[in-house]
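Participant: TSV, C-alpha atoms and all ligand atoms, file coords-v9.tsv:
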chain	number	residue	atom	x	y	z
A	198	MET	CA	-17.40	-66.94	32.02
A	199	PRO	CA	-20.39	-69.28	31.69
A	200	LEU	CA	-21.11	-71.04	34.95
A	201	SER	CA	-21.30	-74.35	33.07
A	202	ALA	CA	-17.51	-74.14	32.68
A	203	LEU	CA	-17.04	-74.30	36.42
A	204	ALA	CA	-15.32	-77.34	37.88
A	205	ASN	CA	-17.48	-79.70	39.89
A	206	PHE	CA	-16.04	-78.68	43.19
A	207	ILE	CA	-17.44	-75.17	43.69
A	208	ASP	CA	-20.87	-73.70	43.29
A	209	ALA	CA	-20.15	-70.53	41.30
A	210	ALA	CA	-23.23	-68.84	42.74
A	211	THR	CA	-21.53	-68.83	46.16
A	212	LEU	CA	-18.62	-66.72	44.90
A	213	PRO	CA	-19.00	-63.03	45.70
A	214	PRO	CA	-19.38	-60.59	42.80
A	215	VAL	CA	-16.02	-58.95	42.04
A	216	ARG	CA	-14.58	-56.36	39.66
A	217	GLY	CA	-11.61	-58.59	38.96
A	218	ARG	CA	-11.70	-61.91	37.16
A	219	TYR	CA	-12.63	-65.49	38.00
A	220	GLN	CA	-11.27	-68.25	35.77
A	221	PHE	CA	-12.43	-71.82	36.20
A	222	ASP	CA	-10.70	-75.18	35.89
A	223	VAL	CA	-7.35	-73.55	35.23
A	224	PRO	CA	-4.24	-75.66	34.39
A	225	LEU	CA	-1.52	-74.46	36.78
A	226	ALA	CA	1.51	-76.29	35.36
A	227	PRO	CA	2.15	-73.65	32.66
A	228	LEU	CA	2.25	-70.96	35.39
A	229	SER	CA	4.57	-72.84	37.65
A	230	TRP	CA	8.36	-72.64	37.73
A	231	PHE	CA	8.56	-76.44	37.96
A	232	ARG	CA	6.03	-76.75	35.09
A	233	VAL	CA	4.12	-79.42	37.00
A	234	GLY	CA	0.84	-79.63	38.87
A	235	GLY	CA	-2.86	-80.08	38.23
A	236	LYS	CA	-5.68	-77.61	37.81
A	237	ALA	CA	-7.15	-75.00	40.12
A	238	ASP	CA	-10.92	-75.09	40.55
A	239	VAL	CA	-10.95	-71.30	40.39
A	240	VAL	CA	-8.31	-68.63	39.94
A	241	PHE	CA	-9.27	-65.17	41.21
A	242	LYS	CA	-7.36	-62.12	40.00
A	243	PRO	CA	-8.56	-59.16	42.06
A	244	ALA	CA	-8.75	-55.78	40.32
A	245	ASP	CA	-7.21	-53.93	43.27
A	246	PRO	CA	-6.91	-54.14	47.08
A	247	LEU	CA	-10.54	-53.12	47.71
A	248	ASP	CA	-11.76	-55.82	45.34
A	249	LEU	CA	-9.62	-58.39	47.16
A	250	ALA	CA	-10.91	-57.16	50.53
A	251	GLN	CA	-14.52	-57.48	49.38
A	252	PHE	CA	-13.88	-61.01	48.14
A	253	MET	CA	-12.26	-62.04	51.43
A	254	ALA	CA	-15.07	-60.51	53.48
A	255	GLU	CA	-17.93	-62.00	51.45
A	256	ARG	CA	-16.63	-65.41	50.40
A	257	PRO	CA	-18.10	-68.54	52.01
A	258	PRO	CA	-16.06	-69.09	55.20
A	259	ASP	CA	-15.32	-72.73	54.35
A	260	LEU	CA	-13.99	-71.94	50.85
A	261	PRO	CA	-10.33	-73.01	50.72
A	262	ILE	CA	-7.95	-70.24	49.63
A	263	THR	CA	-4.43	-70.67	48.26
A	264	ILE	CA	-2.18	-67.72	47.44
A	265	LEU	CA	0.29	-68.06	44.58
A	266	GLY	CA	3.05	-65.58	43.82
A	267	ALA	CA	5.49	-66.24	40.99
A	268	THR	CA	5.61	-69.93	42.11
A	269	SER	CA	9.41	-69.92	42.31
A	270	ASN	CA	9.40	-71.67	45.71
A	271	LEU	CA	6.32	-73.80	45.27
A	272	LEU	CA	5.41	-77.34	44.18
A	273	ILE	CA	1.83	-77.70	42.97
A	274	ARG	CA	0.74	-81.31	43.33
A	275	ASP	CA	-0.61	-83.31	40.39
A	276	GLY	CA	-4.21	-83.40	41.63
A	277	GLY	CA	-4.40	-79.61	41.55
A	278	ILE	CA	-5.79	-77.13	44.06
A	279	ARG	CA	-9.33	-77.22	45.41
A	280	GLY	CA	-11.10	-73.97	46.11
A	281	VAL	CA	-9.89	-70.55	45.00
A	282	VAL	CA	-6.33	-69.66	44.05
A	283	ILE	CA	-5.59	-65.96	44.48
A	284	ARG	CA	-3.10	-64.46	42.04
A	285	LEU	CA	-2.28	-60.77	42.21
A	286	GLY	CA	-1.79	-59.00	38.90
A	287	ARG	CA	-1.67	-55.56	37.38
A	288	GLY	CA	-3.58	-53.81	40.20
A	289	PHE	CA	-0.75	-54.74	42.58
A	290	ALA	CA	2.31	-54.11	40.43
A	291	GLU	CA	3.32	-50.48	40.97
A	292	VAL	CA	6.73	-49.30	42.15
A	293	VAL	CA	6.50	-45.72	43.41
A	294	ARG	CA	9.12	-43.49	44.99
A	295	ASP	CA	8.08	-41.65	48.14
A	296	GLY	CA	7.53	-37.95	47.49
A	297	ARG	CA	8.91	-36.84	50.87
A	298	ASP	CA	11.70	-39.31	51.60
A	299	GLU	CA	13.59	-40.36	48.48
A	300	THR	CA	15.14	-43.39	50.19
A	301	ILE	CA	11.71	-45.03	50.48
A	302	ILE	CA	9.77	-46.89	47.77
A	303	THR	CA	6.29	-48.39	47.84
A	304	VAL	CA	5.90	-51.60	45.87
A	305	GLY	CA	2.96	-53.83	45.03
A	306	ALA	CA	3.07	-57.49	46.00
A	307	ALA	CA	2.80	-58.65	42.37
A	308	CYS	CA	5.99	-56.82	41.37
A	309	LEU	CA	8.85	-59.14	40.56
A	310	ASP	CA	11.80	-58.76	42.93
A	311	ARG	CA	14.08	-58.25	39.94
A	312	THR	CA	11.96	-55.33	38.69
A	313	VAL	CA	12.11	-53.67	42.11
A	314	ALA	CA	15.89	-54.06	42.26
A	315	GLN	CA	16.29	-52.60	38.78
A	316	GLN	CA	13.98	-49.66	39.44
A	317	ALA	CA	15.72	-48.91	42.75
A	318	ALA	CA	19.09	-48.98	40.98
A	319	GLU	CA	17.84	-46.52	38.36
A	320	TRP	CA	16.81	-44.20	41.18
A	321	GLY	CA	20.26	-44.57	42.76
A	322	LEU	CA	19.04	-46.58	45.74
A	323	ALA	CA	21.35	-49.16	47.27
A	324	GLY	CA	20.47	-52.00	49.64
A	325	MET	CA	18.04	-53.83	47.36
A	326	GLU	CA	20.60	-55.33	44.99
A	327	PHE	CA	20.10	-58.84	46.39
A	328	LEU	CA	16.54	-58.87	45.04
A	329	VAL	CA	17.86	-59.07	41.48
A	330	GLY	CA	18.80	-62.71	42.09
A	331	VAL	CA	15.50	-63.81	43.64
A	332	PRO	CA	13.08	-64.78	40.87
A	333	GLY	CA	9.87	-64.36	42.88
A	334	SER	CA	7.34	-61.61	43.55
A	335	ILE	CA	7.38	-59.17	46.44
A	336	GLY	CA	4.42	-61.02	48.02
A	337	GLY	CA	6.47	-64.23	48.03
A	338	ALA	CA	9.55	-62.35	49.24
A	339	LEU	CA	7.58	-61.03	52.22
A	340	ARG	CA	6.12	-64.44	53.05
A	341	MET	CA	9.50	-66.21	52.72
A	342	ASN	CA	11.70	-63.36	53.99
A	343	ALA	CA	13.68	-63.83	50.79
A	344	GLY	CA	17.39	-63.24	51.08
A	345	ALA	CA	20.76	-63.67	49.48
A	346	TYR	CA	24.35	-62.55	49.98
A	347	GLY	CA	23.82	-61.79	53.66
A	348	GLN	CA	20.77	-59.61	53.15
A	349	GLU	CA	17.09	-60.37	53.50
A	350	LEU	CA	13.80	-58.59	53.06
A	351	ALA	CA	13.52	-57.99	56.80
A	352	ASP	CA	16.53	-55.63	56.54
A	353	ILE	CA	14.76	-53.22	54.19
A	354	CYS	CA	11.05	-53.65	54.98
A	355	ILE	CA	9.54	-50.65	56.77
A	356	SER	CA	5.99	-52.00	56.69
A	357	ALA	CA	3.76	-54.41	54.78
A	358	GLU	CA	0.24	-53.85	53.51
A	359	ILE	CA	-1.94	-56.84	54.25
A	360	CYS	CA	-5.48	-57.94	53.43
A	361	ASP	CA	-6.39	-60.34	56.20
A	362	ASN	CA	-8.60	-63.36	56.02
A	363	GLN	CA	-11.66	-61.31	57.00
A	364	GLY	CA	-11.06	-58.64	54.35
A	365	ASN	CA	-9.49	-56.02	56.64
A	366	LEU	CA	-6.81	-53.89	54.98
A	367	MET	CA	-3.98	-52.93	57.29
A	368	SER	CA	-0.43	-51.69	57.40
A	369	VAL	CA	1.88	-53.64	59.72
A	370	PRO	CA	5.33	-52.32	60.75
A	371	GLY	CA	8.21	-54.52	59.59
A	372	GLU	CA	9.31	-55.35	63.14
A	373	GLN	CA	5.86	-56.81	63.86
A	374	LEU	CA	5.91	-59.23	60.92
A	375	GLY	CA	7.96	-61.83	62.81
A	376	PHE	CA	10.59	-62.23	60.11
A	377	GLY	CA	12.94	-65.18	60.61
A	378	TYR	CA	15.02	-67.45	58.38
A	379	ARG	CA	12.90	-67.87	55.22
A	380	HIS	CA	9.61	-67.20	56.95
A	381	CYS	CA	7.46	-64.64	58.70
A	382	LEU	CA	4.76	-65.05	61.31
A	383	VAL	CA	1.89	-63.43	59.40
A	384	SER	CA	-0.99	-65.89	59.07
A	385	PRO	CA	-0.69	-67.98	55.88
A	386	ARG	CA	-4.34	-67.07	55.22
A	387	ASP	CA	-3.54	-63.35	54.94
A	388	VAL	CA	-2.55	-61.79	51.62
A	389	PHE	CA	0.37	-59.39	51.29
A	390	ILE	CA	-0.66	-56.64	48.90
A	391	GLY	CA	2.48	-54.51	49.03
A	392	CYS	CA	5.13	-52.97	51.23
A	393	ARG	CA	7.35	-49.98	51.85
A	394	LEU	CA	11.07	-50.57	51.48
A	395	ARG	CA	13.99	-48.42	52.55
A	396	GLY	CA	17.22	-48.11	50.57
A	397	ARG	CA	20.11	-45.68	50.85
A	398	LEU	CA	21.25	-43.13	48.32
A	399	ASP	CA	24.17	-44.22	46.17
A	400	ASP	CA	25.55	-43.80	42.69
A	401	SER	CA	23.19	-45.50	40.24
A	402	ALA	CA	26.04	-46.95	38.13
A	403	ALA	CA	27.68	-48.45	41.23
A	404	VAL	CA	24.39	-50.11	42.28
A	405	MET	CA	23.90	-51.49	38.76
A	406	ALA	CA	27.45	-52.87	38.73
A	407	ARG	CA	26.86	-54.71	42.02
A	408	MET	CA	23.62	-56.13	40.63
A	409	GLN	CA	25.37	-57.33	37.49
A	410	ASN	CA	27.92	-59.06	39.70
A	411	ILE	CA	25.10	-60.93	41.46
A	412	VAL	CA	23.53	-61.91	38.12
A	413	ASP	CA	26.89	-63.24	36.87
A	414	GLN	CA	27.46	-65.26	40.05
A	415	ARG	CA	23.97	-66.77	39.83
A	416	GLU	CA	24.59	-67.93	36.28
A	417	GLN	CA	27.55	-69.96	37.46
A	418	THR	CA	26.19	-71.41	40.68
A	419	GLN	CA	22.45	-72.04	40.19
A	420	PRO	CA	20.31	-73.70	37.50
A	421	ILE	CA	18.47	-70.43	36.92
A	422	ARG	CA	17.09	-71.36	33.50
A	423	ALA	CA	15.85	-74.79	34.58
A	424	ARG	CA	12.42	-75.93	35.69
A	425	THR	CA	13.11	-75.73	39.39
A	426	GLY	CA	11.74	-74.38	42.67
A	427	GLY	CA	14.74	-72.73	44.30
A	428	SER	CA	16.23	-74.11	47.52
A	429	THR	CA	14.40	-77.33	48.29
A	430	PHE	CA	15.36	-77.63	51.96
A	431	ARG	CA	16.07	-75.10	54.68
A	432	ASN	CA	19.64	-74.97	55.93
A	433	PRO	CA	19.88	-76.76	59.28
A	434	THR	CA	20.26	-74.68	62.42
A	435	PRO	CA	23.82	-74.55	63.86
A	436	ASP	CA	22.84	-76.94	66.67
A	437	GLN	CA	21.71	-79.51	64.06
A	438	SER	CA	24.72	-79.24	61.75
A	439	SER	CA	27.45	-76.83	60.78
A	440	LEU	CA	26.93	-77.89	57.16
A	441	LYS	CA	24.50	-76.33	54.70
A	442	ALA	CA	21.69	-78.38	53.20
A	443	TRP	CA	23.52	-78.73	49.87
A	444	GLN	CA	26.64	-80.04	51.61
A	445	LEU	CA	24.65	-82.68	53.50
A	446	ILE	CA	22.91	-83.70	50.26
A	447	ASP	CA	26.25	-83.92	48.48
A	448	GLN	CA	27.77	-85.98	51.29
A	449	ALA	CA	24.79	-88.35	51.11
A	450	GLY	CA	25.68	-89.02	47.47
A	451	CYS	CA	22.52	-87.44	46.08
A	452	ARG	CA	24.03	-84.98	43.58
A	453	GLY	CA	22.48	-85.82	40.20
A	454	LEU	CA	20.15	-88.47	41.72
A	455	THR	CA	17.05	-89.10	39.57
A	456	LEU	CA	13.55	-90.42	40.12
A	457	GLY	CA	11.21	-90.53	37.14
A	458	GLY	CA	11.63	-87.19	35.39
A	459	ALA	CA	12.98	-85.48	38.50
A	460	GLN	CA	16.65	-84.90	39.25
A	461	VAL	CA	18.76	-83.41	42.02
A	462	SER	CA	20.61	-80.62	40.22
A	463	PRO	CA	24.20	-81.61	39.42
A	464	LEU	CA	25.09	-77.88	39.60
A	465	HIS	CA	23.53	-77.04	42.98
A	466	CYS	CA	22.31	-80.08	44.85
A	467	ASN	CA	19.76	-78.25	47.02
A	468	PHE	CA	17.77	-77.63	43.81
A	469	LEU	CA	15.42	-80.20	42.30
A	470	LEU	CA	14.87	-80.19	38.53
A	471	ASN	CA	12.09	-81.22	36.24
A	472	THR	CA	14.19	-82.63	33.42
A	473	GLY	CA	11.25	-82.53	31.02
A	474	ASN	CA	8.54	-84.99	31.91
A	475	ALA	CA	8.56	-85.01	35.72
A	476	THR	CA	5.34	-85.08	37.68
A	477	ALA	CA	4.95	-83.24	40.96
A	478	SER	CA	4.89	-86.68	42.56
A	479	ASP	CA	8.32	-87.54	41.06
A	480	LEU	CA	9.73	-84.30	42.49
A	481	GLU	CA	8.18	-84.75	45.92
A	482	GLN	CA	9.22	-88.41	46.14
A	483	LEU	CA	12.77	-87.53	45.09
A	484	GLY	CA	12.83	-84.84	47.78
A	485	GLU	CA	11.69	-87.39	50.37
A	486	LEU	CA	14.34	-89.86	49.17
A	487	VAL	CA	17.01	-87.17	49.61
A	488	ARG	CA	15.73	-86.43	53.13
A	489	GLN	CA	15.91	-90.13	53.99
A	490	ARG	CA	19.45	-90.53	52.63
A	491	VAL	CA	20.67	-87.40	54.43
A	492	LEU	CA	19.16	-88.67	57.67
A	493	GLU	CA	20.86	-92.03	57.22
A	494	SER	CA	24.25	-90.55	56.34
A	495	SER	CA	24.42	-87.62	58.78
A	496	GLY	CA	21.59	-87.95	61.27
A	497	VAL	CA	20.22	-84.55	60.17
A	498	GLN	CA	16.51	-84.19	59.44
A	499	LEU	CA	16.12	-81.78	56.53
A	500	HIS	CA	12.95	-79.68	56.36
A	501	TRP	CA	11.26	-78.58	53.14
A	502	GLU	CA	11.70	-74.91	52.26
A	503	ILE	CA	9.61	-75.34	49.10
A	504	LYS	CA	5.91	-74.97	49.88
A	505	ARG	CA	3.91	-77.94	48.63
A	506	VAL	CA	0.30	-77.16	47.83
A	507	GLY	CA	-2.71	-79.00	46.45
A	508	GLU	CA	-3.63	-82.65	46.27
A	509	ASN	CA	-1.96	-85.79	45.01
A	510	LEU	CA	-3.71	-87.77	42.33
A	511	PRO	CA	-5.56	-90.67	43.99
A	512	ALA	CA	-3.17	-93.30	42.64
A	513	SER	CA	0.00	-91.49	43.65
A	514	GLY	CA	0.12	-92.74	47.21
A	515	SER	CA	0.80	-91.00	50.46
A	516	GLN	CA	0.48	-87.30	51.19
A	517	SER	CA	2.74	-85.51	53.65
B	601	LIG	C1	16.49	-70.20	40.42
B	601	LIG	C2	15.95	-69.78	41.79
B	601	LIG	C3	16.76	-69.07	42.65
B	601	LIG	C4	16.29	-68.68	43.90
B	601	LIG	N1	17.11	-67.97	44.74
B	601	LIG	C5	16.63	-67.54	45.93
B	601	LIG	C6	17.45	-66.76	46.80
B	601	LIG	O1	18.60	-66.44	46.53
B	601	LIG	N2	16.94	-66.36	47.99
B	601	LIG	C7	15.67	-66.68	48.36
B	601	LIG	O2	15.24	-66.27	49.44
B	601	LIG	N3	14.88	-67.43	47.56
B	601	LIG	C8	15.32	-67.85	46.37
B	601	LIG	N4	14.52	-68.61	45.55
B	601	LIG	C9	13.18	-69.00	46.02
B	601	LIG	C10	12.06	-68.02	45.68
B	601	LIG	O3	12.40	-67.22	44.55
B	601	LIG	C11	11.73	-67.12	46.86
B	601	LIG	O4	11.31	-67.87	47.99
B	601	LIG	C12	10.63	-66.12	46.53
B	601	LIG	O5	10.54	-65.18	47.56
B	601	LIG	C13	9.26	-66.79	46.34
B	601	LIG	O6	8.40	-65.81	45.79
B	601	LIG	P1	7.21	-66.22	44.83
B	601	LIG	O7	6.47	-64.99	44.46
B	601	LIG	O8	7.70	-67.06	43.71
B	601	LIG	O9	6.31	-67.08	45.84
B	601	LIG	P2	5.63	-68.49	45.58
B	601	LIG	O10	6.68	-69.51	45.29
B	601	LIG	O11	4.52	-68.37	44.62
B	601	LIG	O12	5.01	-68.78	47.02
B	601	LIG	C14	5.86	-69.00	48.12
B	601	LIG	C15	5.01	-68.80	49.39
B	601	LIG	O13	4.65	-67.43	49.47
B	601	LIG	C16	3.23	-67.30	49.56
B	601	LIG	N5	2.84	-66.07	48.86
B	601	LIG	C17	3.17	-65.69	47.61
B	601	LIG	N6	2.65	-64.47	47.33
B	601	LIG	C18	1.97	-64.09	48.44
B	601	LIG	C19	1.20	-62.94	48.79
B	601	LIG	N7	1.00	-61.92	47.94
B	601	LIG	N8	0.64	-62.90	50.03
B	601	LIG	C20	0.80	-63.92	50.91
B	601	LIG	N9	1.51	-65.02	50.63
B	601	LIG	C21	2.09	-65.11	49.42
B	601	LIG	C22	2.67	-68.55	48.92
B	601	LIG	O14	1.36	-68.84	49.41
B	601	LIG	C23	3.69	-69.58	49.36
B	601	LIG	O15	3.42	-69.99	50.68
B	601	LIG	C24	14.97	-69.01	44.29
B	601	LIG	C25	14.14	-69.71	43.40
B	601	LIG	C26	14.62	-70.10	42.16
B	601	LIG	C27	13.70	-70.84	41.24
Please render this file's structure as C-alpha cells.

Facilitator:
Amino acid sequence: MPLSALANFIDAATLPPVRGRYQFDVPLAPLSWFRVGGKADVVFKPADPLDLAQFMAERPPDLPITILGATSNLLIRDGGIRGVVIRLGRGFAEVVRDGRDETIITVGAACLDRTVAQQAAEWGLAGMEFLVGVPGSIGGALRMNAGAYGQELADICISAEICDNQGNLMSVPGEQLGFGYRHCLVSPRDVFIGCRLRGRLDDSAAVMARMQNIVDQREQTQPIRARTGGSTFRNPTPDQSSLKAWQLIDQAGCRGLTLGGAQVSPLHCNFLLNTGNATASDLEQLGELVRQRVLESSGVQLHWEIKRVGENLPASGSQS
C-alpha cells in the first residue's frame, strides 16, 4: 500500500512493521450490519496472534485502537473511526476439537458463533446450540457474554486467550473474566483471540434438531435479514422494572417509530432498522428519542446495549 494513500490522521511511518495487512481510509459501512458509518483511518488485519502481539507492543502508545468483530452489536458513527481498527481474520478462525477431552473445543475469536454451533453439533456436542442464533463472532460473544434461550457464553467458557494492550498473550480462566449480563470485565483495550469451550456429548441429530428449532423461532421473532444491530437496549434490572426493554418501548408507543431512514422494528421493538438510507446519526437519534419516551412513560432509564463507536460528522450535533 503506497503511503500516499494514507488518511491525513496517521503518520504511516509510526505504524510497526507487521506480517498481516494494513489498509488505509477504509469505508466501514459495507462491513457493518447496519450498513452505516464513515471510514476508518487504518484497518489492521493481523496474520496471527504473534503478529497482533507485536503490533500492540510496538505501536505508538497514543494511537487509538478500536476492535471490530462481526459488527452485529455495533453502530459506527458517520464521521468514521480515527486511529487503527483491528479486525481478526483467517489466522483466528480455527475450530479444533481437543485431542484428550472430546467435550472441549478450541475456537478462534474470528469464528462466527453460528459456525461454532454447527461444528459442535456435527461432533455431537450439546450446550452450544444457542450460538446458532447469535450472528456475531466469538470475540464479540466473549466481550458481550452473548446469550439466548437461558444460556450464555459464560456457561460454556473454560478460558479465553487474550492479547492485552501491551502485547502480552495470556490465557485467562472463564471465572476470572467477570462475565455478567451482556458484558465482561476484561479491559475494552484487550483483544480476545480465542477461547476454549466445553460442551457435553449428545446425539448429533438431536443437537441439530434443537438448533433448527432455534433458527425457526428466530425467523418469526426477529428481523434477522434486516440492516440492524441486535438488541438496542439492555433489559432493565428487576429493581428498575419487571418489564423487558421491548415491552417498555412498546408501551411508550415506539413500535414502528421512524426518524429519517431509521425505524424501530415493527417485529421486535428493541431492534432498530436501517430501512435503506439511514445514517448512523438517524439511528442514534432515534434510539435517544426512544429512551426519552420510555423515561417519560414509565420512569425507566434504558441503557444502550449496542456499542457506539467513532465520531459524528461535524454538522450532526451532539455526541453522547
Ligand atoms: C439479528 C440479530 C440477533 C441477535 N441476537 C442476539 C442474541 O440472541 N443474543 C445476544 O447475546 N446477542 C445477539 N445479537 C447481538 C450480537 O450478535 C452479539 O452481541 C454478538 O456477540 C456481537 O458479536 P460481534 O462479533 O458482532 O461483535 P461487534 O458487534 O463487532 O462488537 C461488539 C463489542 O465486542 C467487541 N469485540 C468484538 N470482537 C472482539 C475481540 N476479538 N476482542 C475484544 N473485543 C471484541 C467490540 O469492540 C464491541 O465492543 C444479535 C444481533 C443481531 C443483528

Participant: Restrict the calculation to all atoms listed in the file, then for each residue of chain A with any atom at most 7 Å from an atom of ligand LIG 601 (chain B) give the closest atom pair and their distance in Å to one decimal, rows by chain and rising residue number, as a Markdown table.

Facilitator:
| residue | atom | partner | partner_atom | distance |
| --- | --- | --- | --- | --- |
| A:Trp230 | CA | B:LIG601 | C27 | 6.6 |
| A:Thr263 | CA | B:LIG601 | O14 | 6.2 |
| A:Ile264 | CA | B:LIG601 | O14 | 4.2 |
| A:Leu265 | CA | B:LIG601 | O11 | 4.2 |
| A:Gly266 | CA | B:LIG601 | O11 | 3.3 |
| A:Ala267 | CA | B:LIG601 | O8 | 3.6 |
| A:Thr268 | CA | B:LIG601 | O11 | 3.1 |
| A:Ser269 | CA | B:LIG601 | O8 | 3.6 |
| A:Asn270 | CA | B:LIG601 | O10 | 3.5 |
| A:Leu271 | CA | B:LIG601 | O10 | 4.3 |
| A:Leu285 | CA | B:LIG601 | N7 | 6.7 |
| A:Ala306 | CA | B:LIG601 | N7 | 5.3 |
| A:Ala307 | CA | B:LIG601 | N7 | 6.7 |
| A:Gly330 | CA | B:LIG601 | O1 | 5.8 |
| A:Val331 | CA | B:LIG601 | C5 | 4.5 |
| A:Pro332 | CA | B:LIG601 | O3 | 4.5 |
| A:Gly333 | CA | B:LIG601 | O8 | 3.6 |
| A:Ser334 | CA | B:LIG601 | O7 | 3.6 |
| A:Ile335 | CA | B:LIG601 | O7 | 6.2 |
| A:Gly336 | CA | B:LIG601 | N7 | 3.5 |
| A:Gly337 | CA | B:LIG601 | O6 | 3.4 |
| A:Ala338 | CA | B:LIG601 | O5 | 3.4 |
| A:Leu339 | CA | B:LIG601 | O5 | 6.9 |
| A:Arg340 | CA | B:LIG601 | O13 | 4.9 |
| A:Met341 | CA | B:LIG601 | O4 | 5.3 |
| A:Asn342 | CA | B:LIG601 | O2 | 6.5 |
| A:Ala343 | CA | B:LIG601 | O2 | 3.2 |
| A:Gly344 | CA | B:LIG601 | O2 | 4.1 |
| A:Ala345 | CA | B:LIG601 | O1 | 4.6 |
| A:Arg379 | CA | B:LIG601 | O2 | 6.4 |
| A:Pro385 | CA | B:LIG601 | N9 | 6.4 |
| A:Asp387 | CA | B:LIG601 | C20 | 5.9 |
| A:Val388 | CA | B:LIG601 | N8 | 3.7 |
| A:Phe389 | CA | B:LIG601 | N8 | 3.7 |
| A:Ile390 | CA | B:LIG601 | N7 | 5.6 |
| A:Gln419 | CA | B:LIG601 | C1 | 6.2 |
| A:Pro420 | CA | B:LIG601 | C1 | 5.9 |
| A:Ile421 | CA | B:LIG601 | C1 | 4.0 |
| A:Thr425 | CA | B:LIG601 | C27 | 5.3 |
| A:Gly426 | CA | B:LIG601 | C27 | 4.3 |
| A:Gly427 | CA | B:LIG601 | C25 | 3.2 |
| A:Ser428 | CA | B:LIG601 | N4 | 6.1 |
| A:Lys504 | CA | B:LIG601 | O15 | 5.6 |

Participant: Work out how far CA of Ala351 (chain A) is from CA of Trp443 (chain A), in Å to one decimal.

Facilitator: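 CA of Trp443 (chain A) sits 24.0 Å away from CA of Ala351 (chain A).
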
Participant: In Å, with one decimal, what is the gap from CA of Gly321 (chain A) to CA of Val404 (chain A)?

Facilitator: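 Interatomic distance here is 6.9 Å.
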
Participant: To one decimal in Å, tell me the separation between CA of Val282 (chain A) and CA of Ser356 (chain A).

Facilitator: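 Spanning CA of Val282 (chain A) to CA of Ser356 (chain A) is a straight-line distance of 25.0 Å.
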
Participant: Can you work out which one of A:Cys381, A:Leu328, A:Leu480, A:Ala442 has the shortest atom-to-atom distance to Leu272 (chain A), counting all atoms listed in the file?

Facilitator: A:Leu480

Participant: Return the padded bounding box of region 424-435 of chain A as JSON: axis-aligned, built from all atoms listed in the file, 8 Å added on each side, with centre and edge lengths in Å to one decimal.

Facilitator:
{"center_x": 17.8, "center_y": -75.2, "center_z": 49.8, "size_x": 28.1, "size_y": 20.9, "size_z": 44.2}

Participant: Give me the residues within 9 Å of region 206-220 of chain A as a list in words, counting all atoms listed in the file and dropping any in the same chain fewer than 4 places off.

Facilitator: Met198, Leu200, Asp238, Val239, Val240, Phe241, Lys242, Pro243, Ala244, Asp245, Asp248, Leu249, Gln251, Phe252, Met253, Glu255, Arg256, Pro257, Leu260, Arg279, Gly280 and Val281 of chain A

Participant: For the residues selected in the previous step, produce a file with C-alpha atoms as a PDB file, in the coordinates of the input.

Facilitator:
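Just written: selection-v2.pdb:
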ATOM      1  CA  MET A 198     -17.400 -66.940  32.020  1.00  0.00           C
ATOM      2  CA  LEU A 200     -21.110 -71.040  34.950  1.00  0.00           C
ATOM      3  CA  ASP A 238     -10.920 -75.090  40.550  1.00  0.00           C
ATOM      4  CA  VAL A 239     -10.950 -71.300  40.390  1.00  0.00           C
ATOM      5  CA  VAL A 240      -8.310 -68.630  39.940  1.00  0.00           C
ATOM      6  CA  PHE A 241      -9.270 -65.170  41.210  1.00  0.00           C
ATOM      7  CA  LYS A 242      -7.360 -62.120  40.000  1.00  0.00           C
ATOM      8  CA  PRO A 243      -8.560 -59.160  42.060  1.00  0.00           C
ATOM      9  CA  ALA A 244      -8.750 -55.780  40.320  1.00  0.00           C
ATOM     10  CA  ASP A 245      -7.210 -53.930  43.270  1.00  0.00           C
ATOM     11  CA  ASP A 248     -11.760 -55.820  45.340  1.00  0.00           C
ATOM     12  CA  LEU A 249      -9.620 -58.390  47.160  1.00  0.00           C
ATOM     13  CA  GLN A 251     -14.520 -57.480  49.380  1.00  0.00           C
ATOM     14  CA  PHE A 252     -13.880 -61.010  48.140  1.00  0.00           C
ATOM     15  CA  MET A 253     -12.260 -62.040  51.430  1.00  0.00           C
ATOM     16  CA  GLU A 255     -17.930 -62.000  51.450  1.00  0.00           C
ATOM     17  CA  ARG A 256     -16.630 -65.410  50.400  1.00  0.00           C
ATOM     18  CA  PRO A 257     -18.100 -68.540  52.010  1.00  0.00           C
ATOM     19  CA  LEU A 260     -13.990 -71.940  50.850  1.00  0.00           C
ATOM     20  CA  ARG A 279      -9.330 -77.220  45.410  1.00  0.00           C
ATOM     21  CA  GLY A 280     -11.100 -73.970  46.110  1.00  0.00           C
ATOM     22  CA  VAL A 281      -9.890 -70.550  45.000  1.00  0.00           C
TER      23      VAL A 281
END

Participant: I'd like to know which of A:Gln348, A:Arg422, A:Ala237, A:Arg407 is closest to Arg284 (chain A), using only C-alpha atoms.

Facilitator: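 Among A:Gln348, A:Arg422, A:Ala237, A:Arg407, it is A:Ala237 that comes nearest to Arg284 (chain A).
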
Participant: Which of these, A:Asn471, A:Ile278, A:Ile273, A:Ile411, has the shortest distance to Phe221 (chain A) once you count all atoms listed in the file?

Facilitator: A:Ile278

Participant: Write out, as JSON lines, each residue of region 216-246 of chain A that has an atom at most 12 Å from region 481-487 of chain A, together with the closest pair of atoms and their distance in Å to one decimal, counting all atoms listed in the file, rows going by chain and rising number.

Facilitator:
{"residue": "A:Phe231", "atom": "CA", "partner": "A:Glu481", "partner_atom": "CA", "distance": 11.5}
{"residue": "A:Val233", "atom": "CA", "partner": "A:Glu481", "partner_atom": "CA", "distance": 11.2}
{"residue": "A:Gly234", "atom": "CA", "partner": "A:Glu481", "partner_atom": "CA", "distance": 11.4}

Participant: Restricting the calculation to only C-alpha atoms, which member of A:Glu326, A:Glu319, A:Gly507, A:Pro224 is positioned closest to Met408 (chain A)?

Facilitator: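 Checking each of A:Glu326, A:Glu319, A:Gly507, A:Pro224 against Met408 (chain A), counting only C-alpha atoms, the winner is A:Glu326.
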
Participant: Taking (22.9, -79.2, 38.9) in the file's own coordinates, collect the residues within 10 Å, counting only C-alpha atoms, and hand them back as number ranges by chain.

Facilitator: A: 418-420, 423, 452-453, 460-470

Participant: Env of Asn432 (chain A): 12 Å cut, atoms = all atoms listed in the file, seq-sep filter 3 positions within chain, self excluded. Answer as a ChimeraX atom specification.

Facilitator: /A:378-379,428-429,435-446,467,497-502

Participant: Go through A:Pro511, A:Gly235, A:Gly288, A:Gly364 and flag the residue nearest Arg386 (chain A), using only C-alpha atoms for the distances.

Facilitator: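 Looking only at the distances to Arg386 (chain A), the closest residue turns out to be A:Gly364.
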